[in-house]
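Written below as structure tokens is the structure these notes are about.
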Amino acid sequence: MEYRHLGRSGLMVSEISYGNWITHGSQVEEDAAVECVRAALDEGVTTFDTADVYAGTRAEEVLGRALKGVRRESLEIFTKVYWPTGEGKNDRGLSRKHIVESINGSLRRLQTDYVDLYQAHRFDVETPLEETLRAFDDLVRQGKVLYVGVSEWTADQIARALKIADEMGFDRLVSNQPQYSMLWRVIEAEVVPLCEKEGLGQIVWSPIAQGVLTGKYQPGQPPPAGSRATDPSGSGFISRLLEDDVLRRVQDLKPIAADLGLTMAQLAVAWVLQNPNVSSAIVGATKPEQVRDNVKASGVKLDAEVLKKIDDVLGAVVERDPAKTVSPSARP
């Protein structure tokens with residue numbers, strides 16, 4: 001395992017992060033989830049990403065139990081706030097009330113006194129940005145949060161937050177957590193240039209495009225039983241990637257991976273890590289073997305010729321429109 005700075009901060013993170021969206025507390029039993037976490041630790045993964053909303057808060061509980069007994073200082077634990085965690089009007093968004101109540105709940109479920117990174121899971125159009133950033137800064141001052149970041153924010157939203165933080169003397173954002181893969185490159189045009197300039201690192205999710213880039217989904221065939229595409233909590237994200245043209249082109253990546261001695265998953269994860277603005281790639285797993293396979297992408301270097309071959313194969317199916325980065329127009 002190799003390690004990188006999170007943006008220009010002093011915090012080091014593992015190039016591969018372990019994320020438990022969908023899996024922990026919902027898709028896999030707890031024993032299997034714990035085995036996956038242990039496999040990640042054995043492979044040198046130190047960075048673990050979750051969110052209060054995952055599996056209705058159960059994912060944080062499972063992760064907290066799985067990490068119990070591990071030296072806390074050896075880990076970087078990330079979580080997020082924004083999506084609804086209850087039925088009340090204030091059980092959502094980025095108001096001071098919800099942020100404070102959510103961090104207290106997350107710390108209790110994760111069985112820790114602090115999180116290394118606390119992230120705004122989406123942009124909240126109903127809360128003044130100053131209120132959100134002051135609440136985040138207060139948590140830093142209290143020692144409950146060490147660093148703050150965002151997830152799926154546009155370049156304009158990130159720039160506005162940085163300007164306010166500088167003017168008001170708040171801790172600056174150090175990271176953004178966007179979707180990013182060979183097939184989904186919407187951050188490259190605007191978000192990445194801004195973040196490179198301002199010192200934010202990307203912690204990217206879905207580098208394997210919800211499993212599509214493993215090549216297991218075949219054009220003209222139904223999804224394999226038990227795959228992400230058949231799971232109600234994850235199928236909404238993957239459905240747009242299951243068009244035959246996309247799947248055919250993904251199959252054409254197999255010779256490239258084979259020539260490099262990589263699995264398709266390793267090629268996909270290694271590809272996102274070629275971007276110098278990417279600090280870490282989040283991988284999830286339902287089996288320990290998947291963790292052990294994915295972490296082998298750490299340290300892999302892809303030369304310009306390989307990158308061009310990938311671009312040529314995927315062609316027009318790559319999504320690059322920065323307008324695809326969106327937050328809800330009203331709180332959910």
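Ligands are numbered from 1 in the order shown, chains are lettered A, B, ... in the order of the structure tokens, and residues start at 1 in each chain.
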Please provide the set of residues having any atom within 12 Å of Gly143 (chain A), restricted to only C-alpha atoms, with same-chain residues fewer than 2 positions apart removed, written as a PyMOL selection string.
chain A and resi 103+107+112-118+136-141+145-148
Based on the selection just made, write N, CA, C and O atoms of those residues as a tab-separated table (two decimals), in the first residue's frame.
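Once written, selection.tsv looks like this:
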chain	number	residue	atom	x	y	z
A	103	ILE	N	-23.06	14.76	14.07
A	103	ILE	CA	-21.72	14.35	14.46
A	103	ILE	C	-21.77	13.61	15.78
A	103	ILE	O	-21.06	12.60	15.97
A	107	LEU	N	-20.32	9.83	16.07
A	107	LEU	CA	-19.25	9.47	17.00
A	107	LEU	C	-19.69	8.32	17.91
A	107	LEU	O	-18.92	7.41	18.20
A	112	THR	N	-15.93	6.33	18.65
A	112	THR	CA	-14.71	7.12	18.64
A	112	THR	C	-15.00	8.52	19.17
A	112	THR	O	-16.14	8.97	19.17
A	113	ASP	N	-13.95	9.20	19.63
A	113	ASP	CA	-14.11	10.56	20.16
A	113	ASP	C	-14.05	11.61	19.06
A	113	ASP	O	-14.45	12.75	19.28
A	114	TYR	N	-13.53	11.23	17.89
A	114	TYR	CA	-13.39	12.19	16.80
A	114	TYR	C	-13.37	11.46	15.47
A	114	TYR	O	-13.10	10.25	15.42
A	115	VAL	N	-13.67	12.19	14.40
A	115	VAL	CA	-13.45	11.66	13.05
A	115	VAL	C	-12.35	12.50	12.40
A	115	VAL	O	-12.20	13.69	12.68
A	116	ASP	N	-11.60	11.85	11.55
A	116	ASP	CA	-10.49	12.55	10.90
A	116	ASP	C	-10.98	13.52	9.83
A	116	ASP	O	-10.37	14.58	9.63
A	117	LEU	N	-12.09	13.16	9.16
A	117	LEU	CA	-12.64	14.03	8.12
A	117	LEU	C	-14.15	13.98	8.19
A	117	LEU	O	-14.75	12.91	8.20
A	118	TYR	N	-14.77	15.17	8.25
A	118	TYR	CA	-16.23	15.29	8.25
A	118	TYR	C	-16.62	16.02	6.97
A	118	TYR	O	-16.12	17.10	6.68
A	136	PHE	N	-19.06	23.67	11.09
A	136	PHE	CA	-17.92	22.78	10.85
A	136	PHE	C	-16.69	23.26	11.62
A	136	PHE	O	-15.97	22.47	12.24
A	137	ASP	N	-16.43	24.57	11.57
A	137	ASP	CA	-15.26	25.12	12.24
A	137	ASP	C	-15.36	24.92	13.75
A	137	ASP	O	-14.36	24.62	14.41
A	138	ASP	N	-16.56	25.07	14.30
A	138	ASP	CA	-16.75	24.84	15.73
A	138	ASP	C	-16.39	23.40	16.11
A	138	ASP	O	-15.79	23.16	17.17
A	139	LEU	N	-16.77	22.46	15.25
A	139	LEU	CA	-16.46	21.06	15.54
A	139	LEU	C	-14.96	20.81	15.52
A	139	LEU	O	-14.45	19.99	16.29
A	140	VAL	N	-14.26	21.51	14.63
A	140	VAL	CA	-12.80	21.41	14.60
A	140	VAL	C	-12.23	21.95	15.91
A	140	VAL	O	-11.36	21.32	16.54
A	141	ARG	N	-12.72	23.11	16.35
A	141	ARG	CA	-12.24	23.72	17.59
A	141	ARG	C	-12.52	22.82	18.79
A	141	ARG	O	-11.76	22.79	19.75
A	145	VAL	N	-13.78	16.89	15.14
A	145	VAL	CA	-13.47	16.76	13.72
A	145	VAL	C	-12.07	17.33	13.50
A	145	VAL	O	-11.76	18.41	14.02
A	146	LEU	N	-11.23	16.63	12.76
A	146	LEU	CA	-9.88	17.14	12.51
A	146	LEU	C	-9.78	17.93	11.21
A	146	LEU	O	-9.07	18.93	11.14
A	147	TYR	N	-10.49	17.47	10.17
A	147	TYR	CA	-10.49	18.15	8.88
A	147	TYR	C	-11.91	18.14	8.33
A	147	TYR	O	-12.73	17.30	8.71
A	148	VAL	N	-12.18	19.09	7.42
A	148	VAL	CA	-13.52	19.16	6.82
A	148	VAL	C	-13.41	19.11	5.30
A	148	VAL	O	-12.44	19.58	4.71
Compile the contact shell of Ile256 (chain A) as a PyMOL selection string: residues with an atom at most 10 Å away, counting only C-alpha atoms, same-chain residues fewer than 4 positions apart removed.
chain A and resi 252+260-264+267+306-307+309-310+313
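Straight-line separation from CA of Arg320 (chain A) to CA of Pro207 (chain A): 14.9 Å.
Excluding Ala285 (chain A) and any residue on its chain fewer than 2 positions from it, the residues at most 9 Å away by only C-alpha atoms are Tyr18, Gly19, Asn20, Thr23, Ala33, Cys36, Val283, Lys287, Pro288, Glu289, Gln290 and Val291 of chain A.
Nearest residue to Ala281 (chain A), choosing from A:Asn90, A:Ser9, A:Ser102, A:Ser181 and counting only C-alpha atoms: A:Ser181.
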Within region 63-279 of chain A, find each residue whose DSSP state, derived from the backbone, is strand (DSSP E or B), and express the selection as a PyMOL selection string.
chain A and resi 76-81+115-120+145-151+173-177+179+184+201-205+278-279
Resulting file, chosen residues, N, CA and C atoms, as a tab-separated table (two decimals), in the first residue's frame:
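The file below, out17.tsv, is the result:
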chain	number	residue	atom	x	y	z
A	76	GLU	N	-7.64	6.54	9.70
A	76	GLU	CA	-8.31	7.78	9.29
A	76	GLU	C	-9.77	7.41	9.02
A	77	ILE	N	-10.65	7.89	9.87
A	77	ILE	CA	-12.08	7.56	9.75
A	77	ILE	C	-12.82	8.78	9.24
A	78	PHE	N	-13.53	8.58	8.11
A	78	PHE	CA	-14.28	9.66	7.46
A	78	PHE	C	-15.77	9.36	7.54
A	79	THR	N	-16.57	10.38	7.78
A	79	THR	CA	-18.01	10.22	7.65
A	79	THR	C	-18.61	11.50	7.08
A	80	LYS	N	-19.94	11.50	6.90
A	80	LYS	CA	-20.59	12.59	6.17
A	80	LYS	C	-21.93	12.93	6.79
A	81	VAL	N	-22.42	14.14	6.43
A	81	VAL	CA	-23.71	14.63	6.93
A	81	VAL	C	-24.43	15.35	5.80
A	115	VAL	N	-13.67	12.19	14.40
A	115	VAL	CA	-13.45	11.66	13.05
A	115	VAL	C	-12.35	12.50	12.40
A	116	ASP	N	-11.60	11.85	11.55
A	116	ASP	CA	-10.49	12.55	10.90
A	116	ASP	C	-10.98	13.52	9.83
A	117	LEU	N	-12.09	13.16	9.16
A	117	LEU	CA	-12.64	14.03	8.12
A	117	LEU	C	-14.15	13.98	8.19
A	118	TYR	N	-14.77	15.17	8.25
A	118	TYR	CA	-16.23	15.29	8.25
A	118	TYR	C	-16.62	16.02	6.97
A	119	GLN	N	-17.55	15.41	6.20
A	119	GLN	CA	-17.84	15.90	4.86
A	119	GLN	C	-19.30	16.28	4.69
A	120	ALA	N	-19.54	17.40	4.04
A	120	ALA	CA	-20.89	17.79	3.64
A	120	ALA	C	-21.28	16.94	2.44
A	145	VAL	N	-13.78	16.89	15.14
A	145	VAL	CA	-13.47	16.76	13.72
A	145	VAL	C	-12.07	17.33	13.50
A	146	LEU	N	-11.23	16.63	12.76
A	146	LEU	CA	-9.88	17.14	12.51
A	146	LEU	C	-9.78	17.93	11.21
A	147	TYR	N	-10.49	17.47	10.17
A	147	TYR	CA	-10.49	18.15	8.88
A	147	TYR	C	-11.91	18.14	8.33
A	148	VAL	N	-12.18	19.09	7.42
A	148	VAL	CA	-13.52	19.16	6.82
A	148	VAL	C	-13.41	19.11	5.30
A	149	GLY	N	-14.44	18.51	4.70
A	149	GLY	CA	-14.48	18.40	3.24
A	149	GLY	C	-15.91	18.38	2.76
A	150	VAL	N	-16.08	18.13	1.48
A	150	VAL	CA	-17.41	18.09	0.87
A	150	VAL	C	-17.49	16.89	-0.06
A	151	SER	N	-18.69	16.61	-0.53
A	151	SER	CA	-18.90	15.51	-1.47
A	151	SER	C	-19.89	15.93	-2.54
A	173	LEU	N	-11.69	23.87	3.60
A	173	LEU	CA	-11.93	22.52	3.09
A	173	LEU	C	-10.62	21.92	2.59
A	174	VAL	N	-10.44	20.62	2.83
A	174	VAL	CA	-9.23	19.97	2.34
A	174	VAL	C	-9.53	18.91	1.29
A	175	SER	N	-10.84	18.62	1.07
A	175	SER	CA	-11.14	17.51	0.17
A	175	SER	C	-12.52	17.62	-0.45
A	176	ASN	N	-12.68	16.89	-1.54
A	176	ASN	CA	-13.97	16.70	-2.19
A	176	ASN	C	-14.10	15.21	-2.47
A	177	GLN	N	-15.32	14.68	-2.31
A	177	GLN	CA	-15.55	13.26	-2.60
A	177	GLN	C	-16.54	13.13	-3.75
A	179	GLN	N	-17.89	11.19	-7.51
A	179	GLN	CA	-17.84	9.99	-8.33
A	179	GLN	C	-16.80	10.21	-9.44
A	184	TRP	N	-16.86	7.99	-15.94
A	184	TRP	CA	-17.52	9.17	-15.35
A	184	TRP	C	-16.44	10.18	-14.96
A	201	GLY	N	-7.86	17.72	-2.17
A	201	GLY	CA	-7.66	16.44	-2.82
A	201	GLY	C	-8.99	15.74	-3.05
A	202	GLN	N	-9.02	14.89	-4.07
A	202	GLN	CA	-10.24	14.12	-4.36
A	202	GLN	C	-10.16	12.75	-3.68
A	203	ILE	N	-11.23	12.38	-2.99
A	203	ILE	CA	-11.39	11.02	-2.46
A	203	ILE	C	-12.51	10.42	-3.30
A	204	VAL	N	-12.17	9.67	-4.30
A	204	VAL	CA	-13.18	9.34	-5.32
A	204	VAL	C	-13.93	8.06	-4.99
A	205	TRP	N	-15.23	8.10	-5.28
A	205	TRP	CA	-16.04	6.90	-5.07
A	205	TRP	C	-16.45	6.31	-6.42
A	278	VAL	N	-6.10	13.12	-7.24
A	278	VAL	CA	-6.79	12.08	-6.48
A	278	VAL	C	-5.90	11.65	-5.31
A	279	SER	N	-6.42	11.81	-4.10
A	279	SER	CA	-5.68	11.39	-2.92
A	279	SER	C	-5.93	9.93	-2.58
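The interatomic distance for the pair CA of Asp52 (chain A) and CA of Val34 (chain A) works out to 18.3 Å.
Nearest residue to Thr286 (chain A) among A:Pro255, A:Gly211, A:Gly105, A:Pro222 is A:Gly211, counting only C-alpha atoms.
Using only C-alpha atoms, the residues found no farther than 8 Å from Gln111 (chain A), other than those of its own chain fewer than 4 positions away, are Gly64, Arg65, Lys68 and Leu107 of chain A.
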